[in-house]
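Down below is the structure, laid out as structure tokens.
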Amino acid sequence: MELETIIGLEVHVQLKTKSKMFCRCDNRDDQEPNSAVCHICSGQPGALPLPNAQAIDWAIMASLALGCKVNQESKFDRKSYFYPDLPKGYQISQYDKPFGFEGSITVSIDGTKKTFRIHRLHLEEDAGKLLHNGSFSLVDLNRAGTPLMEIVSEPDFRTPQEAKAYMQELRLIMRYLGVSDADMEKGHLRCDANISLRPIGTDELYPKTEIKNINSFRAVERALTYEVERQTALWEDGQPPKIQATRGWDENSQTTVEQRTKEEAADYRYFPEPDLPPIIFSDAHVMELQGMIPELPSARRERFAEMYDLKNDQSQVLVEDIQSAKYFESVVSEFKAILDELLGIEKGNLCWKNGKGKYTRLIANWLINRISTEHSKARPKPHAESLAWLLYYLDTSTINASGAAIVYEKLVEIYEKNPDSKPEIANLISELGLEQVSNSDELEKMITSVIGTNEKVVSDVRAGKTAALQFLVGQVMKASKGKANPGVVQEMLKKALEA
Ligand SMILES: [Zn+2]
């Protein structure tokens, strides 16, 4: 029997509002335990909640960004459950009128675009944290009452990789919107995954298993892959899961472990929150929030690919990081300004038009391979103008790639000492003695000398072993201390050996 995997995700996004969802306590995760707690978020009798307008606006913005319809008449509900991390004995959440519903996210997976539907988006308050310590547990209520956005997908994922790609795109969208840092390791982004299998060709949904405690993108993929294998074995034994179950991902053993069976929605005894009036949005307010949505990652990727002639993987990598994307655009615009300055607007425009793809890909490449690497991420980036000049000299062969790398290191060093400095790149290149030797008598002399001292290789090249030519190019580069232009050297060597 061939089986198909059905996965749905419930993602919680912790919003980075200044204060909590229903009180004015500080909403930060770096505070002393139980220091950001008041009568409202600790559930004292008679305390009245007051909703955080910023959190509600952000939930609407996120709904719109995810292509959801918006419930312009919405409300909060009480979801009852007893647990030590929830002092009120209930959580304020949303039951039948979530802020957003019926949206979708389109993600490119191995070059193929797939759309995953979003069932709903609602807002709720978080619970506190329990710290288990041997025979006792401690409660920290700092997190109790912080705003949490829950985004529930339709069961549209067929592989763990799809689920992971969706989560990563969701994280990026939240960062672009500026509503959350969406850092999984810090718990700003959490996910519960529902998974079941079914024979291929059937539409029926079988009892699902909910996996909790997934704390990283790697864990999303691993936990789901583990569960696919576990459930496949059950099906093959003729014992597919008969009831809904909850399992927790155990990072140490890399397995899922059975927890309690899932309560049905009725167990939560949802009812409208009597302390909060219905929330009603005017068309104008929704329009205003729509207008505040910045360019989102998918649109930016497409724009980068089109406007700057980038390869798809280049725009993918640049858009992944908001700062890199912004820096890229600044360097591009500075590069264009250099052409205008040196050639005049008319010729500059023409040069840009003819070479645009070449220039932008050079800039993108440099950013991706040198600046976005783990090593460089923590270091300051030079002014866009300085980098643009450096890449201009690289493009015009004033320096070669290894020389440019040295200048760049020097530039970063200078910025580390003084972030306001803007050194002349041309001066820096000559101070470091890195001008490329391109077509001089000097180069001619080096080539003659290399040919004279490598007779065996020279005869190999003449006998048709073209690979041997690279050895000679290397020797000339070495003699020039890396300053020769390898392309020019190769051409000159070829000519010299043909003679
Ligand atoms: Zn409070």
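Just so we're on the same page: first chain in the structure tokens is A, next is B, and so on; residues restart at 1 for each chain, and ligands are numbered from 1 in the order they show up.
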
Taking only C-alpha atoms and all ligand atoms into account, list the residues no farther than 10 Å from ligand 1, as a PyMOL selection string.
chain A and resi 19-27+35-43+49+141-146

Dump as a tab-separated table the rows for residues of segment 210-324 of chain A within 12 Å of segment 159-162 of chain A: closest atom pair and distance in Å with one decimal, only C-alpha atoms counted, ordered by chain and rising residue number.
```
residue	atom	partner	partner_atom	distance
A:Phe217	CA	A:Gln161	CA	10.0
A:Arg218	CA	A:Gln161	CA	10.0
A:Ala219	CA	A:Pro160	CA	10.1
A:Val220	CA	A:Pro160	CA	7.2
A:Glu221	CA	A:Pro160	CA	5.0
A:Arg222	CA	A:Pro160	CA	7.8
A:Ala223	CA	A:Pro160	CA	8.5
A:Leu224	CA	A:Pro160	CA	5.5
A:Thr225	CA	A:Pro160	CA	6.1
A:Tyr226	CA	A:Pro160	CA	9.6
A:Glu227	CA	A:Pro160	CA	9.8
A:Val228	CA	A:Pro160	CA	8.7
A:Glu229	CA	A:Pro160	CA	11.5
```

Which residues come within 9 Å of Tyr268 of chain A, counting only C-alpha atoms, excluding same-chain residues fewer than 5 positions away, as a PyMOL selection string?
chain A and resi 78-81+90+263

Output N, CA and C atoms for every residue in the selection just made, as a PDB file, in the first residue's frame.
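Contents of part.pdb, as written:
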```pdb
ATOM      1  N   ARG A  78     -13.011  33.212  26.083  1.00  0.00           N
ATOM      2  CA  ARG A  78     -12.275  32.544  27.151  1.00  0.00           C
ATOM      3  C   ARG A  78     -12.110  31.073  26.814  1.00  0.00           C
ATOM      4  N   LYS A  79     -10.907  30.592  26.963  1.00  0.00           N
ATOM      5  CA  LYS A  79     -10.625  29.180  26.748  1.00  0.00           C
ATOM      6  C   LYS A  79     -10.191  28.634  28.107  1.00  0.00           C
ATOM      7  N   SER A  80     -11.041  27.772  28.694  1.00  0.00           N
ATOM      8  CA  SER A  80     -10.773  27.346  30.066  1.00  0.00           C
ATOM      9  C   SER A  80      -9.846  26.141  30.111  1.00  0.00           C
ATOM     10  N   TYR A  81      -8.811  26.255  30.877  1.00  0.00           N
ATOM     11  CA  TYR A  81      -8.050  25.052  31.256  1.00  0.00           C
ATOM     12  C   TYR A  81      -7.237  25.362  32.491  1.00  0.00           C
ATOM     13  N   TYR A  90      -8.024  30.404  32.870  1.00  0.00           N
ATOM     14  CA  TYR A  90      -8.475  30.451  31.476  1.00  0.00           C
ATOM     15  C   TYR A  90      -7.532  31.367  30.705  1.00  0.00           C
ATOM     16  N   GLU A 263      -7.420  16.914  24.142  1.00  0.00           N
ATOM     17  CA  GLU A 263      -8.776  17.291  24.544  1.00  0.00           C
ATOM     18  C   GLU A 263      -9.546  17.766  23.318  1.00  0.00           C
TER      19      GLU A 263
END
```

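Residues in contact range of Ser397 of chain A, defined as at most 10 Å between only C-alpha atoms, with sequence neighbours fewer than 4 positions away removed, read Leu391, Tyr392, Tyr393, Ala401, Glu435, Gln436, Val437, Ser438, Ala484, Asn485 and Gly487 of chain A.
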
Pull N, CA and C atoms from the residues just selected and write them as a PDB file, in the first residue's frame.
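Below is the file that was written, result-v7.pdb:
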```pdb
ATOM      1  N   LEU A 391      34.338  47.840  -5.810  1.00  0.00           N
ATOM      2  CA  LEU A 391      33.871  46.926  -6.847  1.00  0.00           C
ATOM      3  C   LEU A 391      34.022  47.551  -8.234  1.00  0.00           C
ATOM      4  N   TYR A 392      33.980  48.888  -8.290  1.00  0.00           N
ATOM      5  CA  TYR A 392      34.226  49.556  -9.564  1.00  0.00           C
ATOM      6  C   TYR A 392      35.668  49.289 -10.008  1.00  0.00           C
ATOM      7  N   TYR A 393      36.612  49.419  -9.067  1.00  0.00           N
ATOM      8  CA  TYR A 393      38.013  49.168  -9.423  1.00  0.00           C
ATOM      9  C   TYR A 393      38.238  47.706  -9.781  1.00  0.00           C
ATOM     10  N   ALA A 401      40.776  40.116  -8.029  1.00  0.00           N
ATOM     11  CA  ALA A 401      39.874  39.668  -6.960  1.00  0.00           C
ATOM     12  C   ALA A 401      40.601  39.494  -5.630  1.00  0.00           C
ATOM     13  N   GLU A 435      47.752  47.839  -7.116  1.00  0.00           N
ATOM     14  CA  GLU A 435      47.288  48.085  -8.483  1.00  0.00           C
ATOM     15  C   GLU A 435      47.705  46.919  -9.347  1.00  0.00           C
ATOM     16  N   GLN A 436      46.779  46.530 -10.181  1.00  0.00           N
ATOM     17  CA  GLN A 436      47.041  45.376 -11.015  1.00  0.00           C
ATOM     18  C   GLN A 436      48.038  45.725 -12.117  1.00  0.00           C
ATOM     19  N   VAL A 437      48.957  44.815 -12.380  1.00  0.00           N
ATOM     20  CA  VAL A 437      49.883  45.006 -13.491  1.00  0.00           C
ATOM     21  C   VAL A 437      49.224  44.393 -14.711  1.00  0.00           C
ATOM     22  N   SER A 438      48.854  45.221 -15.695  1.00  0.00           N
ATOM     23  CA  SER A 438      48.049  44.683 -16.780  1.00  0.00           C
ATOM     24  C   SER A 438      48.790  44.566 -18.104  1.00  0.00           C
ATOM     25  N   ALA A 484      49.281  40.738 -10.950  1.00  0.00           N
ATOM     26  CA  ALA A 484      49.025  40.651 -12.392  1.00  0.00           C
ATOM     27  C   ALA A 484      47.559  40.338 -12.650  1.00  0.00           C
ATOM     28  N   ASN A 485      47.095  40.718 -13.821  1.00  0.00           N
ATOM     29  CA  ASN A 485      45.741  40.381 -14.230  1.00  0.00           C
ATOM     30  C   ASN A 485      45.791  39.010 -14.908  1.00  0.00           C
ATOM     31  N   GLY A 487      43.863  37.176 -16.602  1.00  0.00           N
ATOM     32  CA  GLY A 487      43.356  37.083 -17.969  1.00  0.00           C
ATOM     33  C   GLY A 487      44.392  37.594 -18.969  1.00  0.00           C
TER      34      GLY A 487
END
```

Those of segment 364-463 of chain A in DSSP helix (DSSP H, G or I), formatted as a ChimeraX atom specification:
/A:364-371,374-377,384-395,401-417,425-431,441-453,455-462

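Every protein or nucleic acid residue with an atom no more than 12 Å from Trp366 of chain A, counting only C-alpha atoms and leaving out same-chain residues fewer than 3 positions away, appears here: Gln314, Leu318, Ser324, Tyr327, Phe328, Val331, Val332, Tyr359, Thr360, Arg361, Leu362, Ile363, Asn369, Arg370, Ile371, Ser372, Thr373, Ser376, Leu387, Ala388, Leu390, Leu391, Leu394, Asp395, Ala401, Ala404, Ala405 and Tyr408 of chain A.
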
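Put simply, atom CA of Gln91 of chain A is 9.8 Å away from atom CA of Glu273 of chain A.
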
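In this comparison, which uses only C-alpha atoms, the residue of A:Ile173, A:Ile60, A:Leu350, A:Val489 approaching Glu442 of chain A most closely is A:Val489.
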
Taking 5 positions as the minimum chain separation for residues in the same chain, which residues sit within 12 Å of Pro486 of chain A when counting only C-alpha atoms? Answer as number ranges by chain.
A: 397, 399-402, 436-439, 443, 447, 469-478, 480-481, 491-493

For the selection you just gave me, I'd like the residues written to a file as a short mmCIF file (atom, residue, chain, number, x, y, z; two decimals), in the first residue's frame, keeping C-alpha atoms.
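Output file part_0.cif follows:
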```cif
data_model
loop_
_atom_site.label_atom_id
_atom_site.label_comp_id
_atom_site.auth_asym_id
_atom_site.auth_seq_id
_atom_site.Cartn_x
_atom_site.Cartn_y
_atom_site.Cartn_z
CA SER A 397 40.65 45.58 -13.54
CA ILE A 399 42.79 45.46 -8.91
CA ASN A 400 42.17 41.75 -9.15
CA ALA A 401 39.87 39.67 -6.96
CA SER A 402 42.49 38.73 -4.39
CA GLN A 436 47.04 45.38 -11.02
CA VAL A 437 49.88 45.01 -13.49
CA SER A 438 48.05 44.68 -16.78
CA ASN A 439 50.04 45.52 -19.84
CA LEU A 443 54.73 41.78 -17.16
CA ILE A 447 56.68 36.08 -18.71
CA LEU A 469 49.37 26.64 -19.38
CA GLN A 470 47.60 27.31 -16.07
CA PHE A 471 50.78 26.32 -14.25
CA LEU A 472 52.68 29.00 -16.14
CA VAL A 473 49.94 31.57 -15.44
CA GLY A 474 50.30 30.68 -11.76
CA GLN A 475 54.07 31.20 -11.91
CA VAL A 476 53.66 34.66 -13.42
CA MET A 477 51.01 35.55 -10.82
CA LYS A 478 53.44 34.47 -8.14
CA SER A 480 53.95 39.58 -9.69
CA LYS A 481 53.01 38.96 -6.03
CA GLU A 491 46.68 35.92 -23.35
CA MET A 492 50.27 37.18 -23.32
CA LEU A 493 51.63 33.72 -22.47
#
```

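Nearest to Phe116 of chain A of all the residues A:Pro380, A:Gly103, A:Pro278, A:Gly187 is A:Gly103, based on only C-alpha atoms.
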
Write out as an mmCIF file with C-alpha atoms, in the first residue's frame the residues lying within 12 Å of Gln231 of chain A, counting only C-alpha atoms and excluding same-chain residues fewer than 3 positions away.
```cif
data_model
loop_
_atom_site.group_PDB
_atom_site.id
_atom_site.type_symbol
_atom_site.label_atom_id
_atom_site.label_comp_id
_atom_site.auth_asym_id
_atom_site.auth_seq_id
_atom_site.Cartn_x
_atom_site.Cartn_y
_atom_site.Cartn_z
ATOM 1 C CA LEU A 3 0.863 6.051 1.768
ATOM 2 C CA GLU A 4 0.587 9.802 1.599
ATOM 3 C CA THR A 5 1.669 12.178 4.386
ATOM 4 C CA ILE A 6 -0.744 14.865 5.584
ATOM 5 C CA ILE A 195 0.499 14.626 11.069
ATOM 6 C CA SER A 196 -1.334 11.590 9.761
ATOM 7 C CA LEU A 197 -0.933 9.196 6.872
ATOM 8 C CA ARG A 198 -3.472 7.813 4.443
ATOM 9 C CA TYR A 206 -7.269 9.618 9.708
ATOM 10 C CA PRO A 207 -6.717 10.406 13.407
ATOM 11 C CA LYS A 208 -3.809 12.816 13.617
ATOM 12 C CA THR A 209 -0.888 12.972 15.960
ATOM 13 C CA LEU A 224 8.128 15.049 11.149
ATOM 14 C CA THR A 225 10.475 12.678 9.343
ATOM 15 C CA TYR A 226 10.613 10.506 12.468
ATOM 16 C CA GLU A 227 6.827 10.516 12.754
ATOM 17 C CA VAL A 228 6.352 9.617 9.068
ATOM 18 C CA LEU A 234 2.140 1.126 12.144
ATOM 19 C CA TRP A 235 0.233 1.128 8.847
ATOM 20 C CA GLU A 236 2.408 -1.648 7.481
ATOM 21 C CA ASP A 237 1.643 -3.688 10.610
ATOM 22 C CA GLY A 238 -2.066 -3.150 9.965
ATOM 23 C CA GLN A 239 -2.306 -0.986 13.129
ATOM 24 C CA PRO A 240 -2.760 2.627 11.947
ATOM 25 C CA PRO A 241 -3.343 5.189 14.764
ATOM 26 C CA LYS A 242 -7.002 4.914 15.881
ATOM 27 C CA THR A 256 8.716 11.633 19.595
#
```
